[in-house]
Amino acid sequence: MSNILRQHIERIVPLTNEEYDLVLAHFTAKRFKKHQIIIREGEQVYNDYFLLSGLMKSAHINAEGREHILLFAMQNWWITDLQAYHHQTPATLQIDCLEDSETLFISLDKREKLCRELQKMETFFRKKTTEDSILLQRRIQCLISGSAKERYESLLAQYPGLFQRVPKTLIASYLGVTRETLSRLA
């Protein structure tokens, strides 16, 4: 399964076998069960998770208890509370498993050490962060100015097969619509 990480990294930077062994030495494997919470709002965030398999969601729960889903993560995706991870502050998001999930994770200290030891990984993380920022920008633009139909179509393009894996209430939360509106769109 660790070859999934190698293929993911090599979409951006090539690695020799020795370099990949060094990269892998900084990661730890961990499995999570469906419904398991891996990051709780208010707690410290120590790790960034790369999904080898499974499905997770990142969400903010507002003062009224309503869940707002920011992100679904599946194989080849990274997930954490970025602000809490990079600034070592309490989480403002909750991340939990929608399916049994297999991950490789890296702490911020190990990530920084890896980037110092292997310049290619500094390049990888910089380029990956840029890609993710562009996707986030598109999502925000779509939420601000896109119709419910446009948000729905964007979701279908970004997450093929998601509708077969999660309840419609979670899809509606991600889109910022009611379940009834989602039914009209689908």
# chains A, B, ... in the order shown; residues from 1 in each chain; ligands from 1
>>> select_by_dssp(residues="stretch 66-128 of chain A", states="strand (DSSP E)", output="JSON, numbers by chain")
{"A": [67, 68, 69, 70, 71, 72, 73, 74, 78, 79, 94, 95, 96, 97, 101, 102, 103, 104, 105, 106, 107]}
>>> write_last_selection(atoms="C-alpha atoms", output="PDB file, in the first residue's frame")
ATOM      1  CA  GLU A  67     -22.305  20.464  10.726  1.00  0.00           C
ATOM      2  CA  HIS A  68     -20.694  22.187   7.736  1.00  0.00           C
ATOM      3  CA  ILE A  69     -18.549  19.812   5.690  1.00  0.00           C
ATOM      4  CA  LEU A  70     -15.438  21.418   4.228  1.00  0.00           C
ATOM      5  CA  LEU A  71     -13.853  18.404   2.606  1.00  0.00           C
ATOM      6  CA  PHE A  72     -14.234  14.740   1.820  1.00  0.00           C
ATOM      7  CA  ALA A  73     -10.937  12.855   1.595  1.00  0.00           C
ATOM      8  CA  MET A  74     -10.458   9.514  -0.115  1.00  0.00           C
ATOM      9  CA  TRP A  78      -4.375  14.469   2.545  1.00  0.00           C
ATOM     10  CA  ILE A  79      -6.475  15.518   5.519  1.00  0.00           C
ATOM     11  CA  GLN A  94     -13.496  17.713  13.402  1.00  0.00           C
ATOM     12  CA  ILE A  95     -12.253  14.922  11.167  1.00  0.00           C
ATOM     13  CA  ASP A  96     -13.859  11.519  11.241  1.00  0.00           C
ATOM     14  CA  CYS A  97     -14.008   8.330   9.229  1.00  0.00           C
ATOM     15  CA  SER A 101      -9.578   3.895   6.531  1.00  0.00           C
ATOM     16  CA  GLU A 102      -5.910   3.111   6.167  1.00  0.00           C
ATOM     17  CA  THR A 103      -3.480   6.023   6.427  1.00  0.00           C
ATOM     18  CA  LEU A 104       0.112   7.065   6.567  1.00  0.00           C
ATOM     19  CA  PHE A 105       0.650  10.086   8.777  1.00  0.00           C
ATOM     20  CA  ILE A 106       3.452  12.509   9.434  1.00  0.00           C
ATOM     21  CA  SER A 107       3.970  14.908  12.316  1.00  0.00           C
TER      22      SER A 107
END
>>> residues_around(residues="A:Val45", least_positions_apart="6", cutoff="7 Å", atoms="only C-alpha atoms", output="PyMOL selection string")
chain A and resi 39+84-85+88+90-91
>>> write_last_selection(atoms="N, CA and C atoms", output="tab-separated table (two decimals), in the first residue's frame")
chain	number	residue	atom	x	y	z
A	39	ILE	N	-9.60	13.71	14.64
A	39	ILE	CA	-9.28	15.04	15.15
A	39	ILE	C	-10.57	15.62	15.72
A	84	ALA	N	-4.44	24.27	12.66
A	84	ALA	CA	-4.00	23.70	13.93
A	84	ALA	C	-2.69	22.93	13.77
A	85	TYR	N	-2.54	22.22	12.67
A	85	TYR	CA	-1.33	21.44	12.41
A	85	TYR	C	-0.11	22.36	12.25
A	88	GLN	N	0.22	24.76	15.45
A	88	GLN	CA	0.20	24.04	16.73
A	88	GLN	C	-0.76	24.71	17.71
A	90	PRO	N	-5.17	24.67	18.95
A	90	PRO	CA	-6.29	23.73	19.02
A	90	PRO	C	-7.08	23.67	17.71
A	91	ALA	N	-7.59	22.51	17.42
A	91	ALA	CA	-8.35	22.29	16.19
A	91	ALA	C	-9.64	23.10	16.19
>>> residues_around(residues="stretch 3-11 of chain A", least_positions_apart="2", cutoff="8 Å", atoms="only C-alpha atoms", output="list in words")
Met1, Val13, Pro14, Leu15, Tyr20, Phe50, Leu52, Asn76 and Phe124 of chain A
>>> atom_distance(atom1="atom CA of A:Glu99", atom2="atom CA of A:Thr28")
19.7 Å
>>> closest_residue(among="A:Tyr49, A:Tyr152, A:Phe32, A:Tyr174", to="A:Arg111", atoms="only C-alpha atoms")
A:Tyr49
>>> closest_atom_pairs(of="stretch 39-148 of chain A", to="stretch 153-160 of chain A", cutoff="12 Å", atoms="only C-alpha atoms", output="JSON lines")
{"residue": "A:Leu55", "atom": "CA", "partner": "A:Tyr159", "partner_atom": "CA", "distance": 11.2}
{"residue": "A:Leu70", "atom": "CA", "partner": "A:Leu155", "partner_atom": "CA", "distance": 11.8}
{"residue": "A:Leu71", "atom": "CA", "partner": "A:Tyr159", "partner_atom": "CA", "distance": 10.3}
{"residue": "A:Phe72", "atom": "CA", "partner": "A:Tyr159", "partner_atom": "CA", "distance": 8.2}
{"residue": "A:Ala73", "atom": "CA", "partner": "A:Tyr159", "partner_atom": "CA", "distance": 9.0}
{"residue": "A:Met74", "atom": "CA", "partner": "A:Tyr159", "partner_atom": "CA", "distance": 8.8}
{"residue": "A:Gln75", "atom": "CA", "partner": "A:Tyr159", "partner_atom": "CA", "distance": 11.0}
{"residue": "A:Trp77", "atom": "CA", "partner": "A:Tyr159", "partner_atom": "CA", "distance": 11.2}
{"residue": "A:Leu135", "atom": "CA", "partner": "A:Gln158", "partner_atom": "CA", "distance": 9.5}
{"residue": "A:Leu136", "atom": "CA", "partner": "A:Gln158", "partner_atom": "CA", "distance": 11.7}
{"residue": "A:Arg138", "atom": "CA", "partner": "A:Ser154", "partner_atom": "CA", "distance": 9.4}
{"residue": "A:Arg139", "atom": "CA", "partner": "A:Ser154", "partner_atom": "CA", "distance": 8.4}
{"residue": "A:Ile140", "atom": "CA", "partner": "A:Ser154", "partner_atom": "CA", "distance": 11.6}
{"residue": "A:Gln141", "atom": "CA", "partner": "A:Ser154", "partner_atom": "CA", "distance": 11.3}
{"residue": "A:Cys142", "atom": "CA", "partner": "A:Ser154", "partner_atom": "CA", "distance": 8.2}
{"residue": "A:Leu143", "atom": "CA", "partner": "A:Ser154", "partner_atom": "CA", "distance": 10.4}
{"residue": "A:Gly146", "atom": "CA", "partner": "A:Ser154", "partner_atom": "CA", "distance": 9.7}
{"residue": "A:Ser147", "atom": "CA", "partner": "A:Glu153", "partner_atom": "CA", "distance": 9.9}
{"residue": "A:Ala148", "atom": "CA", "partner": "A:Glu153", "partner_atom": "CA", "distance": 8.7}
>>> write_last_selection(atoms="C-alpha atoms", output="CSV table (one decimal), in the first residue's frame")
chain,number,residue,atom,x,y,z
A,55,LEU,CA,-13.1,7.9,3.3
A,70,LEU,CA,-15.4,21.4,4.2
A,71,LEU,CA,-13.9,18.4,2.6
A,72,PHE,CA,-14.2,14.7,1.8
A,73,ALA,CA,-10.9,12.9,1.6
A,74,MET,CA,-10.5,9.5,-0.1
A,75,GLN,CA,-7.5,7.5,-1.5
A,77,TRP,CA,-5.9,12.7,-0.4
A,135,LEU,CA,-8.9,23.8,-5.3
A,136,LEU,CA,-10.0,25.6,-2.1
A,138,ARG,CA,-12.4,27.3,-6.7
A,139,ARG,CA,-14.6,25.8,-3.9
A,140,ILE,CA,-15.0,29.2,-2.2
A,141,GLN,CA,-15.8,30.9,-5.5
A,142,CYS,CA,-18.4,28.3,-6.3
A,143,LEU,CA,-20.0,28.6,-2.8
A,146,GLY,CA,-22.3,29.5,-7.9
A,147,SER,CA,-25.9,28.2,-8.0
A,148,ALA,CA,-26.8,25.0,-6.2
>>> atom_distance(atom1="atom CA of A:Ala59", atom2="atom CA of A:Lys127")
24.5 Å
